[in-house]
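Enquirer: One file: work.cif (mmCIF, C-alpha atoms).
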data_structure
loop_
_atom_site.label_atom_id
_atom_site.label_comp_id
_atom_site.auth_asym_id
_atom_site.auth_seq_id
_atom_site.Cartn_x
_atom_site.Cartn_y
_atom_site.Cartn_z
CA MET A 3 94.89 97.85 109.27
CA THR A 4 93.57 100.01 112.02
CA VAL A 5 90.75 102.32 110.95
CA LEU A 6 90.86 105.79 112.47
CA ASP A 7 87.63 107.47 113.36
CA SER A 8 87.16 111.24 113.36
CA SER A 9 87.52 111.43 117.13
CA ALA A 10 91.03 110.00 116.83
CA VAL A 11 92.16 112.47 114.16
CA LEU A 12 90.53 115.36 116.02
CA ALA A 13 92.20 114.33 119.29
CA LEU A 14 95.51 114.55 117.44
CA VAL A 15 94.69 117.97 115.99
CA HIS A 16 93.56 119.38 119.33
CA ASP A 17 96.28 117.65 121.38
CA GLU A 18 93.69 115.92 123.56
CA PRO A 19 94.40 113.05 125.96
CA GLY A 20 95.36 109.99 123.93
CA ALA A 21 96.84 111.99 121.03
CA ASP A 22 100.15 110.18 121.50
CA GLN A 23 98.43 106.81 121.01
CA VAL A 24 96.78 108.10 117.83
CA ALA A 25 100.18 109.32 116.56
CA GLN A 26 101.67 105.85 117.11
CA ALA A 27 98.81 104.27 115.14
CA LEU A 28 99.08 106.54 112.07
CA PRO A 29 101.60 104.51 110.02
CA GLY A 30 99.62 101.80 108.23
CA SER A 31 96.18 102.99 109.35
CA MET A 32 93.14 103.92 107.24
CA LEU A 33 90.61 106.74 107.15
CA SER A 34 87.44 106.68 105.06
CA THR A 35 86.82 109.54 102.63
CA ILE A 36 83.52 110.12 104.45
CA ASN A 37 85.36 110.50 107.73
CA LEU A 38 88.01 112.70 106.15
CA ALA A 39 85.17 115.03 105.16
CA GLU A 40 83.87 114.97 108.73
CA VAL A 41 87.27 115.92 110.14
CA VAL A 42 87.66 118.72 107.58
CA PHE A 43 84.29 120.30 108.41
CA LYS A 44 85.01 120.12 112.15
CA LEU A 45 88.39 121.78 111.62
CA ILE A 46 86.77 124.53 109.57
CA ASP A 47 84.21 125.04 112.34
CA ALA A 48 87.15 125.46 114.76
CA ASP A 49 88.85 128.01 112.44
CA ILE A 50 91.73 125.65 111.65
CA ASP A 51 93.08 125.55 108.10
CA ALA A 52 92.43 122.00 106.88
CA SER A 53 93.94 122.44 103.42
CA GLN A 54 97.01 120.32 104.23
CA LEU A 55 95.23 117.67 106.33
CA GLN A 56 95.15 114.94 103.68
CA THR A 57 98.79 115.54 102.73
CA LEU A 58 99.90 115.41 106.35
CA LEU A 59 97.91 112.24 107.06
CA THR A 60 99.15 110.39 103.97
CA THR A 61 102.74 111.50 104.65
CA ALA A 62 102.36 110.01 108.13
CA GLY A 63 101.33 106.67 106.58
CA VAL A 64 97.52 106.89 106.65
CA THR A 65 95.68 105.43 103.65
CA ILE A 66 92.58 107.36 102.64
CA GLU A 67 90.04 104.73 101.57
CA PRO A 68 87.14 105.47 99.20
CA PHE A 69 83.69 104.77 100.59
CA LEU A 70 82.02 102.38 98.15
CA ALA A 71 78.40 101.39 97.48
CA GLY A 72 78.75 98.15 99.48
CA ASP A 73 80.14 100.12 102.42
CA ALA A 74 77.15 102.47 102.21
CA GLU A 75 74.66 99.60 102.25
CA PHE A 76 76.37 98.02 105.23
CA ALA A 77 76.53 101.34 107.11
CA GLY A 78 72.81 101.85 106.51
CA ALA A 79 71.97 98.31 107.64
CA MET A 80 73.83 98.87 110.93
CA ARG A 81 70.95 101.10 111.95
CA SER A 82 68.95 97.91 112.62
CA LEU A 83 71.50 96.52 115.12
CA PRO A 84 70.80 96.85 118.84
CA GLY A 85 72.28 100.25 119.68
CA GLY A 86 72.63 101.13 115.99
CA ARG A 87 70.20 104.03 116.21
CA ALA A 88 72.54 105.75 118.68
CA LEU A 89 75.31 105.83 116.05
CA SER A 90 75.76 108.76 113.70
CA LEU A 91 76.12 108.18 109.98
CA GLY A 92 79.84 108.95 110.34
CA ASP A 93 80.17 106.31 113.07
CA ARG A 94 78.47 103.71 110.91
CA CYS A 95 80.78 104.61 108.00
CA TYR A 96 83.88 103.97 110.15
CA LEU A 97 82.45 100.74 111.38
CA ALA A 98 81.57 99.52 107.87
CA LEU A 99 85.15 100.14 106.74
CA THR A 100 86.45 98.45 109.89
CA VAL A 101 84.43 95.28 109.43
CA CYS A 102 85.92 94.91 105.94
CA SER A 103 89.53 95.58 107.02
CA ASP A 104 92.12 92.99 107.99
CA PRO A 105 92.43 92.82 110.92
CA PRO A 106 89.09 94.45 111.71
CA GLU A 107 90.20 97.08 114.23
CA VAL A 108 89.15 100.67 114.92
CA LEU A 109 90.84 103.35 117.02
CA THR A 110 88.25 105.59 118.62
CA GLY A 111 87.38 107.69 121.60
CA ASP A 112 83.72 106.61 121.43
CA ARG A 113 83.12 104.18 124.28
CA ILE A 114 79.58 103.41 123.06
CA TRP A 115 81.08 101.28 120.30
CA THR A 116 82.28 98.74 122.87
CA GLU A 117 78.62 97.93 123.57
CA LEU A 118 77.87 96.88 119.97
CA ASP A 119 77.90 93.28 118.86
CA LEU A 120 80.22 93.59 115.86
CA PRO A 121 83.07 91.33 114.70
CA ILE A 122 85.71 94.00 115.25
CA ARG A 123 88.33 94.98 117.81
CA ILE A 124 87.68 98.39 119.32
CA ARG A 125 90.72 100.21 120.71
CA LEU A 126 90.01 103.23 122.87
CA PHE A 127 92.82 105.75 122.57
CA ARG A 128 92.02 107.60 125.77
CA LYS A 129 93.01 104.73 128.04
CA PRO A 130 96.60 104.56 129.31
CA PRO A 131 99.00 102.87 126.86
CA PRO A 132 100.48 99.48 127.78
CA LYS A 133 103.75 99.79 129.72
CA HIS A 134 105.82 98.20 126.92
CA HIS A 135 105.24 101.18 124.56
CA GLU A 136 108.17 103.55 124.27
CA PRO A 137 107.53 107.23 124.99
CA VAL A 138 106.87 109.14 121.79
CA GLN A 139 107.03 112.75 122.98
CA ALA A 140 110.45 113.42 121.37
CA SER A 141 109.25 111.88 118.09
CA LEU A 142 106.10 113.97 118.18
CA GLN A 143 108.11 117.12 118.77
CA SER A 144 110.41 116.28 115.86
CA PHE A 145 107.49 115.69 113.50
CA ARG A 146 105.88 118.96 114.54
CA GLN A 147 109.08 120.87 113.76
CA SER A 148 109.53 119.08 110.42
CA ALA A 149 105.95 119.75 109.33
CA ARG A 150 106.25 123.43 110.19
CA GLY A 151 109.62 123.68 108.44
CA LEU A 152 108.16 122.25 105.24
CA GLY A 153 105.15 124.56 105.42
CA LEU A 154 102.65 121.70 105.68
CA ILE A 155 100.78 123.40 108.49
CA THR A 156 99.56 126.90 107.93
CA PRO A 157 97.20 128.11 110.65
CA ARG A 158 94.09 129.88 109.41
CA ARG A 159 94.36 133.63 109.80
CA SER A 160 91.24 135.47 110.89
CA SER A 161 90.29 138.83 112.31
CA HIS A 162 89.76 137.31 115.74
CA THR A 163 92.31 135.60 117.97
CA THR A 164 92.63 131.86 117.36
CA ASN A 165 94.18 129.20 119.50
CA THR A 166 97.43 128.44 117.67
CA SER A 167 97.94 125.26 119.69
CA GLN A 168 94.99 123.68 117.85
CA SER A 169 97.12 122.70 114.86
CA THR A 170 100.11 121.39 116.78
CA ALA A 171 98.84 117.93 117.66
CA LEU A 172 98.00 117.08 114.05
CA GLU A 173 101.64 117.62 113.25
CA ARG A 174 102.66 114.76 115.57
CA THR A 175 103.54 111.22 114.60
CA THR A 176 106.53 108.96 114.97
CA THR A 177 109.79 110.30 113.59
CA SER A 178 110.58 107.15 111.66
CA SER A 179 107.45 107.32 109.48
CA TRP A 180 107.90 111.03 108.87
CA GLU A 181 111.58 110.72 108.01
CA SER A 182 110.98 107.79 105.67
CA ALA A 183 108.18 109.68 103.92
CA VAL A 184 110.30 112.75 103.21
CA ARG A 185 113.44 110.88 102.06
#
Could the structure of this file be written out as structure tokens, please?
Expert:
Amino acid sequence: MTVLDSSAVLALVHDEPGADQVAQALPGSMLSTINLAEVVFKLIDADIDASQLQTLLTTAGVTIEPFLAGDAEFAGAMRSLPGGRALSLGDRCYLALTVCSDPPEVLTGDRIWTELDLPIRIRLFRKPPPKHHEPVQASLQSFRQSARGLGLITPRRSSHTTNTSQSTALERTTTSSWESAVR
């Protein structure tokens, strides 16, 4: 399974470059509970309602994995690796989950990870997709409309003006996984 890091989920939420690659990776991917918390607090900081985030991710095929004591020990020990001090606790939590996954693969926007000597495959979502991938824009649009129609996304209302496009990218994934989840 591919492990998603917070930068991947946030790129999807904010419709950043590479969001389409993240959407394609959602079915069958994993996110640590630690990293789910990180995404939620960053969404709250951006005045985006995160109350439906877990539901939307699991509906799209993402497994939310508990962060266990062994994962915590491994994440802490990564601090001793060359370059490990440059990693945040959240980064080390993703990497610990990734090392234990099969195949050990992470989808990230953090290029610094490529410099670490770890037994994992690091996929950067901000690079151009291989030419054999089919365009997913129509699927993303369909998912967005379905999620809104079911009320899964409710933008946070505040007294100041918010950027309503911030929630649209989170609503995107492939149509087939969304349709199979709601059948």
Enquirer: Which one of A:Thr65, A:Phe43, A:Asp51, A:Leu6 sits closest to Pro106 in chain A if you count all atoms listed in the file?
Expert: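 Among the listed residues, A:Leu6 lies closest to Pro106 in chain A.
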Enquirer: Restricting the calculation to all atoms listed in the file, which member of A:Arg87, A:Arg128, A:Arg81, A:His16 is positioned closest to Thr110 in chain A?
Expert: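 Between A:Arg87, A:Arg128, A:Arg81, A:His16, the residue approaching Thr110 in chain A most closely is A:Arg128.
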Enquirer: Counting only C-alpha atoms, note down every residue that has an atom within 10 Å of the point (82.3, 99.7, 106.9) (file coordinates), as a list in words.
Expert: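 The answer, in the requested form, is Val5, Ser34, Phe69, Leu70, Gly72, Asp73, Ala74, Glu75, Phe76, Ala77, Gly78, Met80, Asp93, Arg94, Cys95, Tyr96, Leu97, Ala98, Leu99, Thr100, Val101, Cys102, Ser103 and Pro106 of chain A.
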Enquirer: Might you pull out every residue within 9 Å of Gly92 in chain A, with all atoms listed in the file counted and same-chain residues fewer than 5 positions away left off, and present them as a VMD selection string?
Expert: chain A and resid 7 to 8 36 to 37 40 77 97
Enquirer: In Å, with one decimal, what is the gap from CA of Leu120 in chain A to CA of Ala62 in chain A?
Expert: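 Taking CA of Leu120 in chain A as the start and CA of Ala62 in chain A as the end point, the length is 28.6 Å.
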Enquirer: Report, in Å to a single decimal, how far apart CA of Arg113 in chain A and CA of Ile66 in chain A are.
Expert: 23.8 Å
Enquirer: Go ahead and compute the interatomic distance for CA of Pro68 in chain A and CA of Leu38 in chain A, in Å to one decimal.
Expert: 10.1 Å
Enquirer: Evaluate the PyMOL selection byres ((chain A and resi 63) around 7) against this structure - the residues, as a list of chain:residue names, please.
Expert: A:Leu28, A:Pro29, A:Gly30, A:Ser31, A:Leu59, A:Thr60, A:Thr61, A:Ala62, A:Val64, A:Thr65, A:Ser179
Enquirer: Can you list what the PyMOL selection byres ((chain A and resi 45) around 12) grabs from this structure, as number ranges by chain?
Expert: A: 8-9, 11-16, 38-44, 46-55, 157-158, 168-169, 172
